[in-house]
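Student: So that we are looking at the same thing, I have put the structure below in structure tokens.
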Amino acid sequence: MTFGSVDASYTRRTLTRSARALASLKVDGPLLVGLALIAVFGLIVMYSASGRDIGAVLKSATRLGIGAVAMLALARVKPGFLRRAAPVIYIVGIVLLVVVDVVGYIGKGAQRWLDLGFVRFQPSEIMKLAVPMMCAWYLHERPLPPAAPHLVATAVLIFIPVALTAAQPDLGTGMLIAVAGVLVILLAGLQLRVILALVGIAALGAWFGWGFLHDYQQKRVLMFLDPQGDPLGAGYHIIQSQIAIGSGGVFGKGWMNGSQAQLEFLPERSTDFIFAVIGEEFGLVGLALLLLLYLFVVGRAIFLALQTQETFARLLAGSIAITFFVYVFINAGMVSGLLPVVGVPLPLVSYGGTSMVTLLAGFGILMSLYSHRKLIQS
Amino acid sequence: MIARVRIKDHWKEQRLFERRCLVAGGFIAVLSILLLARLVTLQVLRHDYYMDLSQGNRVRIEPLPAPRGLILDRNGTVVAENRPAYQLELVREEVPDLDSTLRRLTDIGLLSADDIDDTRKLVKSHRSFDSVPIRLRLDDDQIATFAVHRFEFPGVDIRTRLARFYPYGELAVHALGYVGAISEQDLGRIDRAAYAGTTLIGKLGVESTYEKDLHGQNGSREILVNAQGRSVQRQGALVPNLRTVAPVAGQDLLLSLDLGVQKVAEEALGARRGAVVALDPGNGDVLAFVSRPGFDPNMFGRGITRAEYQALLDDIDKPLFDRALRGTYPSGSTIKPAIALAGLVYGVVNPADHRFCAGVYRLPGSSRMFREGRSGRHGSVDLVDSIARSCDVYFYDLANRLGVDRIAAFLAPFGFGSVTGIDIGGEKPGLLPSREWKRKAFARAQDQVWFPGETVNFGIGQGYFLVTPLQLAHYTSILANHGTSYRPRLVNAVRDPVTGTVRRLAPVKGATIEATPEDWNIVTQGMIGALRGRGTAAATAGRNMTYTIAGKTGTAQVFSVGQNEKYVEKDVAERLRDHSWFIAFAPAEAPRIAVAVLVENGGFGSTGAAPIARKVMDAWLVKGGA
């Protein structure tokens with residue numbers, strides 16, 4: 001009898017107890033740990049990126065807390081209820097989007113927020129979850145891969161909120177909403193030839209749509225193609241963020257020592273460009289670690305999606321999991337110069353917005369879909 | 001046609017979903033690798049490049065202007081120094097709208113509306129990141145005014161800089177010159193990098209000539225800046241290692257000027273227009289250098305407004321005009337000692353011979369009459385008398401016998417018709433006429449001929465012959481020195497302000513006039529006679545002398561008097577009156593000072609200029625001086 005064996009049995013008992021507690025909460029332990037690690041890392045970076053603003057860190061933590069509560073709550077909701085609620089949430093979301101657009105039109109300017117007095121929120125943020133839910137709801141009863149009419153119907157379901165969001169104008173969020181919906185269709189088993197045909201149509205649409213983009217949106221795309229063309233104007237973001245990442249090297253300049261970030265050369269350092277702060281202060285090692293955490297979360301989420309049994313659950317869970325990766329890739333890609341600057345935050349790390357809450361709520365839904373499955377074996 | 005009813009196949013759909021997830025996983029893997037490759041490119045392969053860029057971003061080099069050298073008079077009194085002053089500076093690239101900024105600065109009274117155009121031009125002529133002074137020397141009220149409005153003016157700030165200050169104001173301004181804001185023209189001739197951080201540059205006088213010594217070498221300092229260009233103390237937890245190159249202070253100038261003598265000369269001239277130049281014949285030191293009226297050089301250092309500058313330009317007395325250096329006047333009778341010497345050297349006159357002066361000279365073979373200037377007739381005069389009493393008739397005759405060629409050739413080595421080479425810029429050479437000069441100067445053939453009558457006038461310093469007060473002082477010092485000349489100089493030493501090492505500048509010898517000691521003596525006797533007995537200046541400069549003065553009066557015509565008219569001083573308008581000259585050196589036996597005094601429209605030399613010269617010599621010889 002040694003202390004070691006006592007410790008070991010104690011640890012085992014504690015783990016079992018907490019696993020049981022998580023199970024009763026309908027929460028997935030590994031996913032929770034992965035998300036928590038990302039959030040903690042994000043808060044540490046936030047302190048530096050905000051210029052040692054403990055207030056910003058607390059605000060971020062509060063949002064994460066709200067998101068966590070939403071996640072835990074949604075995890076306990078039965079998937080059947082979620083499925084039935086999907087059309088309602090979708091329609092409410094559409095109405096709110098219309099309201100926002102109309103208010104914005106009257107106010108003559110960009111309008112993304114809905115001010116409810118005690119809280120301001122972005123209806124487009126709801127659509128990030130409402131659209132895949134609606135698509136999954138729609139395809140749930142139908143045989144897969146979806147037939148052409150169903151495909152068109154789903155496309156319309158996606159197009160309406162995307163168009164309303166893009167009109168705000170918020171191209172970035174509109175695009176993310178589209179991604180979440182399109183992923184549902186792809187996961188539902190769209191044939192390869194149809195995919196190729198649609199990609200072709202999309203390319204044509206982009207070509208025609210160019211003229212409808214706002215000047216600053218066009219500029220962003222052009223700047224992506226040639227950032228040096230306007231180093232102090234629209235290209236400034238990309239150049240400065242690449243300098244920040246590049247100068248960080250393998251091990252980084254150290255926490256709170258990134259000159260690009262601390263001396264404010266890096267714009268939007270605590271929001272969209274926080275990835276560059278991590279690159280500068282924690283180097284390649286820090287970024288690789290963060291990417292691994294993200295990949296772990298995505299991998300675990302896909303794993304959970306594969307365990308679900310209903311069409312609705314599968315499609316929705318798969319979409320949530322992959323969308324999360326898309327967020328990461330778009331943000332990291334734009335900050336490191338692979339993609340144009342589109343204004344997508346780094347999930348769970350970037351400061352502000354409803355996005356933290358939405359993301360965690362999404363994972364809450366995913367947990368619910370997984371943990372409420374009917375256990376066939378044993 | 002029977003519609004095919006598709007039935008949900010759960011097992012097949014599960015497999016489909018799994019395949020799709022697998023494809024998604026593949027995409028995720030590929031994109032992740034792509035992202036990682038991008039990061040490796042940035043952070044490993046191109047790390048050095050981006051490191052340099054980030055370094056360049058945060059470190060900016062700020063110039064440290066060198067303190068300008070001081071200027072001291074020969075007794076060590078500081079006449080130009082540096083004082084901290086607050087000035088308004090503007091960095092163009094940080095100003096959102098230059099025109100609106102300047103306009104609003106006018107609204108709060110920090111800029112004059114007249115100066116907006118000039119200021120804009122000045123700002124535009126600098127590099128966009130340079131801090132350009134737009135208003136020098138702010139007083140306390142102006143500083144307070146700006147402080148209140150500061151937030152409205154991004155890119156504009158108050159900076160403390162060393163500004164030039166001349167504690168004696170107008171005193172010796174034409175010798176010292178002044179410093180002013182670096183103009184567009186200045187930018188063309190200086191090394192901009194060397195002047196980064198310097199706001200003022202020497203414009204005239206020794207401030208300009210010795211600009212290189214006075215300026216010193218600007219240093220620089222690396223500072224940490226944020227994206228707004230504001231200097232910050234540290235970044236994160238790390239205080240970076242920044243380099244500083246200390247500036248090298250400008251050299252101090254030790255002038256040959258004696259402030260006491262200068263002051264006496266300026267006060268003696270008072271409100272009259274004129275010039276005084278006093279030289280040490282032994283080495284060319286300029287003891288006093290006066291041109292009146294003057295102006296306050298501090299106006300330029302603090303940033304002269306357009307209105308103030310216009311007022312100076314419009315002043316009928318031309319205060320900006322350096323009469324001593326650039327004013328050319330007929331020499332009048334002050335040239336007679338040189339003509340007399342020429343007569344002796346060329347052997348055309350016997351000093352013992354007497355000539356009878358009846359007040360009028362008639363050129364042989366001509367009916368043209370040349371009148372005695374003032375005192376009617378001198379009766380029988382020899383060479384010494386003729387100088388002392390300034391007998392025009394004697395010199396009409398002597399000049400006629402010498403001829404213009406010999407006169408011009410003899411006067412040239414005295415420095416007439418050429419610059420003396422004094423160490424300040426802009427000197428005028430005056431005009432030494434000759435046959436050759438006249439041939440070149442006139443277009444029409446009939447004007448190109450030299451007339452004998454012109455030689456006669458030349459003999460008493462009238463006609464084409466023009467000199468500056470500086471040239472006349474230089475010439476007087478050569479007379480005092482019996483032929484040896486030195487280049488006049490305002491600065492005789494340069495001092496290192498740090499080590500205190502003084503580098504003396506050796507006197508520079510000029511041309512030598514060859515004449516026998518007896519010849520020199522005769523001329524000197526004539527000049528001594530001018531201050532004694534019946535001499536022209538005996539009653540004015542010659543009273544109560546405690547040392548021997550050798551001098552000569554001169555009167556330069558401004559207004560031509562007709563052949564048969566007499567010049568009556570009180571009838572002629574003030575500005576058309578004759579200019580009054582007096583040259584002198586003393587003590588005559590061993591001269592230590594040579595002076596030339598010009599009083600514009602001062603009338604006769606004896607009354608206008610001579611007393612001033614006497615005061616200057618007294619100041620140097622009696623009341624002290626080195």
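So you can find residues: chains in the structure tokens are A, B, ... in the order shown, residues in each start at 1, and ligands are numbered from 1 in order.
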Counting only C-alpha atoms, which residues of chain A come no farther than 7 Å from chain B, as a list in words?
Tutor: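 Taking only C-alpha atoms into account, Arg142, Pro143, Leu144, Leu187, Ala188, Gly189, Ile243, Ile245, Gly246, Ser247, Gly248, Gly249, Val250, Met256, Asn257, Ser259, Gln260, Gln262, Leu263, Glu264, Phe265, Leu284, Leu306 and Gly333 of chain A sit within 7 Å of chain B.
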Student: Produce a file of the selected residues containing C-alpha atoms, as an mmCIF file, in the first residue's frame.
Tutor:
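Just written: selection_28.cif:
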data_model
loop_
_atom_site.group_PDB
_atom_site.id
_atom_site.type_symbol
_atom_site.label_atom_id
_atom_site.label_comp_id
_atom_site.auth_asym_id
_atom_site.auth_seq_id
_atom_site.Cartn_x
_atom_site.Cartn_y
_atom_site.Cartn_z
ATOM 1 C CA ARG A 142 -36.738 13.740 -47.886
ATOM 2 C CA PRO A 143 -34.733 10.957 -49.482
ATOM 3 C CA LEU A 144 -31.067 11.682 -49.955
ATOM 4 C CA LEU A 187 -23.316 16.520 -46.524
ATOM 5 C CA ALA A 188 -26.749 15.437 -47.689
ATOM 6 C CA GLY A 189 -24.998 13.893 -50.638
ATOM 7 C CA ILE A 243 4.905 41.753 -41.040
ATOM 8 C CA ILE A 245 3.334 37.143 -38.337
ATOM 9 C CA GLY A 246 6.606 36.988 -40.268
ATOM 10 C CA SER A 247 8.598 38.902 -37.683
ATOM 11 C CA GLY A 248 7.356 36.552 -34.991
ATOM 12 C CA GLY A 249 9.500 33.727 -36.333
ATOM 13 C CA VAL A 250 9.417 30.268 -34.842
ATOM 14 C CA MET A 256 3.169 41.522 -24.791
ATOM 15 C CA ASN A 257 6.377 42.111 -26.742
ATOM 16 C CA SER A 259 6.077 45.560 -31.617
ATOM 17 C CA GLN A 260 3.551 45.433 -34.434
ATOM 18 C CA GLN A 262 1.851 46.863 -29.076
ATOM 19 C CA LEU A 263 2.706 49.939 -31.108
ATOM 20 C CA GLU A 264 -0.583 49.702 -32.970
ATOM 21 C CA PHE A 265 0.873 49.153 -36.409
ATOM 22 C CA LEU A 284 4.947 29.486 -35.380
ATOM 23 C CA LEU A 306 -20.912 10.562 -37.208
ATOM 24 C CA GLY A 333 -6.133 32.724 -44.333
#
Student: Compile the contact shell of stretch 87-97 of chain A as a list in words: residues with an atom at most 9 Å away, counting only C-alpha atoms, same-chain residues fewer than 6 positions apart removed.
Tutor: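 Counting only C-alpha atoms, the residues come to Arg112, Leu114, Gln122, Pro123, Ser124, Ile126, Met127, Leu129, Ala130, Val131, Met133, Met134, Trp137, Tyr138, Ile160, Pro161, Leu164, Thr165 and Gln168 of chain A.
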Student: Okay, now the selection with all heavy atoms, as a compact mmCIF listing (two decimals), in the first residue's frame?
Tutor:
# COMPACT_ATOMS: atom_id res chain seq x y z
N ARG A 112 -26.35 46.66 -38.79
CA ARG A 112 -26.27 45.23 -38.54
C ARG A 112 -26.91 44.87 -37.21
O ARG A 112 -27.21 43.74 -36.93
CB ARG A 112 -24.82 44.77 -38.51
CG ARG A 112 -24.14 45.01 -39.84
CD ARG A 112 -22.66 44.75 -39.74
NE ARG A 112 -22.02 45.16 -40.99
CZ ARG A 112 -20.74 45.04 -41.22
NH1 ARG A 112 -19.96 44.51 -40.30
NH2 ARG A 112 -20.24 45.41 -42.35
N LEU A 114 -29.50 45.22 -33.93
CA LEU A 114 -30.87 45.49 -33.51
C LEU A 114 -30.77 45.87 -32.04
O LEU A 114 -30.29 45.08 -31.23
CB LEU A 114 -31.73 44.25 -33.70
CG LEU A 114 -33.21 44.53 -33.92
CD1 LEU A 114 -33.41 45.42 -35.15
CD2 LEU A 114 -33.97 43.24 -34.07
N GLN A 122 -27.10 40.94 -33.31
CA GLN A 122 -27.10 40.86 -34.75
C GLN A 122 -27.98 39.71 -35.19
O GLN A 122 -27.62 38.55 -34.98
CB GLN A 122 -25.68 40.62 -35.26
CG GLN A 122 -24.85 41.87 -35.43
CD GLN A 122 -23.44 41.52 -35.81
OE1 GLN A 122 -22.66 41.06 -34.98
NE2 GLN A 122 -23.09 41.70 -37.06
N PRO A 123 -29.11 39.98 -35.82
CA PRO A 123 -29.96 38.89 -36.31
C PRO A 123 -29.22 37.96 -37.28
O PRO A 123 -29.50 36.76 -37.31
CB PRO A 123 -31.08 39.62 -37.04
CG PRO A 123 -31.10 40.98 -36.47
CD PRO A 123 -29.70 41.29 -36.08
N SER A 124 -28.26 38.55 -38.03
CA SER A 124 -27.52 37.71 -38.98
C SER A 124 -26.76 36.62 -38.25
O SER A 124 -26.50 35.55 -38.80
CB SER A 124 -26.57 38.58 -39.79
OG SER A 124 -25.71 39.30 -38.93
N ILE A 126 -27.85 34.95 -35.65
CA ILE A 126 -28.80 33.85 -35.42
C ILE A 126 -28.88 32.97 -36.66
O ILE A 126 -28.96 31.75 -36.57
CB ILE A 126 -30.21 34.42 -35.12
CG1 ILE A 126 -30.19 35.14 -33.77
CG2 ILE A 126 -31.24 33.29 -35.11
CD1 ILE A 126 -31.53 35.72 -33.40
N MET A 127 -28.85 33.64 -37.84
CA MET A 127 -29.01 32.90 -39.08
C MET A 127 -27.89 31.91 -39.32
O MET A 127 -28.05 30.95 -40.04
CB MET A 127 -29.11 33.87 -40.27
CG MET A 127 -30.35 34.74 -40.27
SD MET A 127 -31.85 33.88 -39.80
CE MET A 127 -32.37 33.19 -41.35
N LEU A 129 -26.92 29.81 -37.37
CA LEU A 129 -27.41 28.53 -36.87
C LEU A 129 -28.78 28.18 -37.48
O LEU A 129 -29.07 27.02 -37.76
CB LEU A 129 -27.53 28.55 -35.34
CG LEU A 129 -26.20 28.52 -34.58
CD1 LEU A 129 -26.42 28.70 -33.11
CD2 LEU A 129 -25.47 27.21 -34.88
N ALA A 130 -29.59 29.24 -37.68
CA ALA A 130 -30.96 28.99 -38.14
C ALA A 130 -30.97 28.41 -39.56
O ALA A 130 -31.80 27.55 -39.87
CB ALA A 130 -31.77 30.29 -38.10
N VAL A 131 -30.07 28.85 -40.41
CA VAL A 131 -30.06 28.37 -41.80
C VAL A 131 -29.71 26.88 -41.89
O VAL A 131 -30.47 26.13 -42.51
CB VAL A 131 -29.12 29.24 -42.68
CG1 VAL A 131 -28.82 28.56 -44.00
CG2 VAL A 131 -29.77 30.59 -42.91
N MET A 133 -30.04 24.74 -39.60
CA MET A 133 -31.15 24.02 -38.94
C MET A 133 -32.31 23.86 -39.91
O MET A 133 -32.91 22.79 -40.05
CB MET A 133 -31.62 24.79 -37.70
CG MET A 133 -30.80 24.51 -36.45
SD MET A 133 -31.25 25.64 -35.11
CE MET A 133 -32.61 24.74 -34.40
N MET A 134 -32.62 24.98 -40.59
CA MET A 134 -33.76 24.96 -41.52
C MET A 134 -33.50 24.00 -42.67
O MET A 134 -34.40 23.22 -43.05
CB MET A 134 -33.95 26.39 -42.05
CG MET A 134 -35.19 26.55 -42.89
SD MET A 134 -36.67 26.27 -41.89
CE MET A 134 -37.91 26.22 -43.18
N TRP A 137 -33.73 20.56 -41.40
CA TRP A 137 -35.15 20.25 -41.17
C TRP A 137 -35.85 19.90 -42.47
O TRP A 137 -36.61 18.94 -42.55
CB TRP A 137 -35.83 21.48 -40.54
CG TRP A 137 -37.32 21.39 -40.46
CD1 TRP A 137 -38.05 20.77 -39.47
CD2 TRP A 137 -38.29 21.90 -41.38
NE1 TRP A 137 -39.40 20.86 -39.71
CE2 TRP A 137 -39.57 21.56 -40.88
CE3 TRP A 137 -38.19 22.61 -42.59
CZ2 TRP A 137 -40.76 21.92 -41.55
CZ3 TRP A 137 -39.36 22.96 -43.23
CH2 TRP A 137 -40.63 22.63 -42.72
N TYR A 138 -35.55 20.71 -43.50
CA TYR A 138 -36.20 20.50 -44.78
C TYR A 138 -35.79 19.16 -45.40
O TYR A 138 -36.62 18.45 -45.95
CB TYR A 138 -35.83 21.65 -45.73
CG TYR A 138 -36.49 21.54 -47.08
CD1 TYR A 138 -37.85 21.90 -47.24
CD2 TYR A 138 -35.81 21.06 -48.19
CE1 TYR A 138 -38.47 21.77 -48.47
CE2 TYR A 138 -36.42 20.94 -49.42
CZ TYR A 138 -37.75 21.30 -49.56
OH TYR A 138 -38.36 21.19 -50.78
N ILE A 160 -32.29 33.58 -49.27
CA ILE A 160 -33.02 34.71 -48.68
C ILE A 160 -32.24 35.38 -47.54
O ILE A 160 -31.95 36.58 -47.60
CB ILE A 160 -34.43 34.28 -48.23
CG1 ILE A 160 -35.25 33.87 -49.47
CG2 ILE A 160 -35.14 35.40 -47.48
CD1 ILE A 160 -36.55 33.16 -49.13
N PRO A 161 -31.86 34.64 -46.52
CA PRO A 161 -31.11 35.33 -45.43
C PRO A 161 -29.75 35.85 -45.87
O PRO A 161 -29.30 36.89 -45.39
CB PRO A 161 -30.97 34.24 -44.35
CG PRO A 161 -31.19 32.96 -45.05
CD PRO A 161 -32.11 33.22 -46.21
N LEU A 164 -30.30 39.11 -47.60
CA LEU A 164 -30.67 40.15 -46.63
C LEU A 164 -29.45 40.61 -45.83
O LEU A 164 -29.30 41.79 -45.52
CB LEU A 164 -31.76 39.63 -45.69
CG LEU A 164 -33.16 39.48 -46.31
CD1 LEU A 164 -34.09 38.75 -45.34
CD2 LEU A 164 -33.73 40.83 -46.67
N THR A 165 -28.58 39.66 -45.49
CA THR A 165 -27.39 40.01 -44.71
C THR A 165 -26.39 40.80 -45.58
O THR A 165 -25.83 41.80 -45.14
CB THR A 165 -26.71 38.74 -44.18
OG1 THR A 165 -27.68 37.97 -43.49
CG2 THR A 165 -25.58 39.10 -43.23
N GLN A 168 -26.92 44.46 -45.86
CA GLN A 168 -26.80 45.35 -44.68
C GLN A 168 -25.78 46.47 -44.83
O GLN A 168 -26.00 47.53 -44.26
CB GLN A 168 -26.48 44.49 -43.45
CG GLN A 168 -27.67 43.70 -43.00
CD GLN A 168 -27.37 42.83 -41.81
OE1 GLN A 168 -26.25 42.75 -41.34
NE2 GLN A 168 -28.40 42.18 -41.29
Student: Need to verify the contact set: A:Phe159, 12 Å, only C-alpha atoms, exclusion of same-chain residues closer than 3 positions in sequence. Can you return it as a VMD selection string?
Tutor: chain A and resid 94 127 131 135 152 to 156 162 to 167 174 to 182
Student: What would the file look like if the residues just selected were written as a PDB file, in the first residue's frame with C-alpha atoms?
Tutor:
ATOM      1  CA  ILE A  94     -35.819  36.490 -41.484  1.00  0.00           C
ATOM      2  CA  MET A 127     -29.013  32.903 -39.079  1.00  0.00           C
ATOM      3  CA  VAL A 131     -30.055  28.371 -41.801  1.00  0.00           C
ATOM      4  CA  CYS A 135     -31.937  23.150 -44.309  1.00  0.00           C
ATOM      5  CA  VAL A 152     -33.796  24.371 -55.435  1.00  0.00           C
ATOM      6  CA  ALA A 153     -36.020  24.804 -52.388  1.00  0.00           C
ATOM      7  CA  THR A 154     -33.029  24.476 -50.069  1.00  0.00           C
ATOM      8  CA  ALA A 155     -31.078  26.938 -52.179  1.00  0.00           C
ATOM      9  CA  VAL A 156     -33.894  29.458 -51.814  1.00  0.00           C
ATOM     10  CA  VAL A 162     -27.802  35.565 -47.262  1.00  0.00           C
ATOM     11  CA  ALA A 163     -29.139  38.277 -49.546  1.00  0.00           C
ATOM     12  CA  LEU A 164     -30.671  40.154 -46.628  1.00  0.00           C
ATOM     13  CA  THR A 165     -27.387  40.010 -44.714  1.00  0.00           C
ATOM     14  CA  ALA A 166     -25.274  41.022 -47.690  1.00  0.00           C
ATOM     15  CA  ALA A 167     -27.591  43.995 -48.160  1.00  0.00           C
ATOM     16  CA  GLY A 174     -23.575  36.571 -45.443  1.00  0.00           C
ATOM     17  CA  MET A 175     -20.908  34.339 -46.824  1.00  0.00           C
ATOM     18  CA  LEU A 176     -20.591  32.379 -43.596  1.00  0.00           C
ATOM     19  CA  ILE A 177     -24.349  31.848 -43.481  1.00  0.00           C
ATOM     20  CA  ALA A 178     -24.204  30.547 -47.040  1.00  0.00           C
ATOM     21  CA  VAL A 179     -21.346  28.233 -46.124  1.00  0.00           C
ATOM     22  CA  ALA A 180     -23.315  26.738 -43.210  1.00  0.00           C
ATOM     23  CA  GLY A 181     -26.332  26.092 -45.467  1.00  0.00           C
ATOM     24  CA  VAL A 182     -24.330  24.810 -48.435  1.00  0.00           C
TER      25      VAL A 182
END
Student: Running DSSP on the backbone, which parts of stretch 2-129 of chain A land in helix (DSSP H, G or I), as number ranges by chain?
Tutor: A: 3-25, 29-49, 54-76, 79-106, 123-129
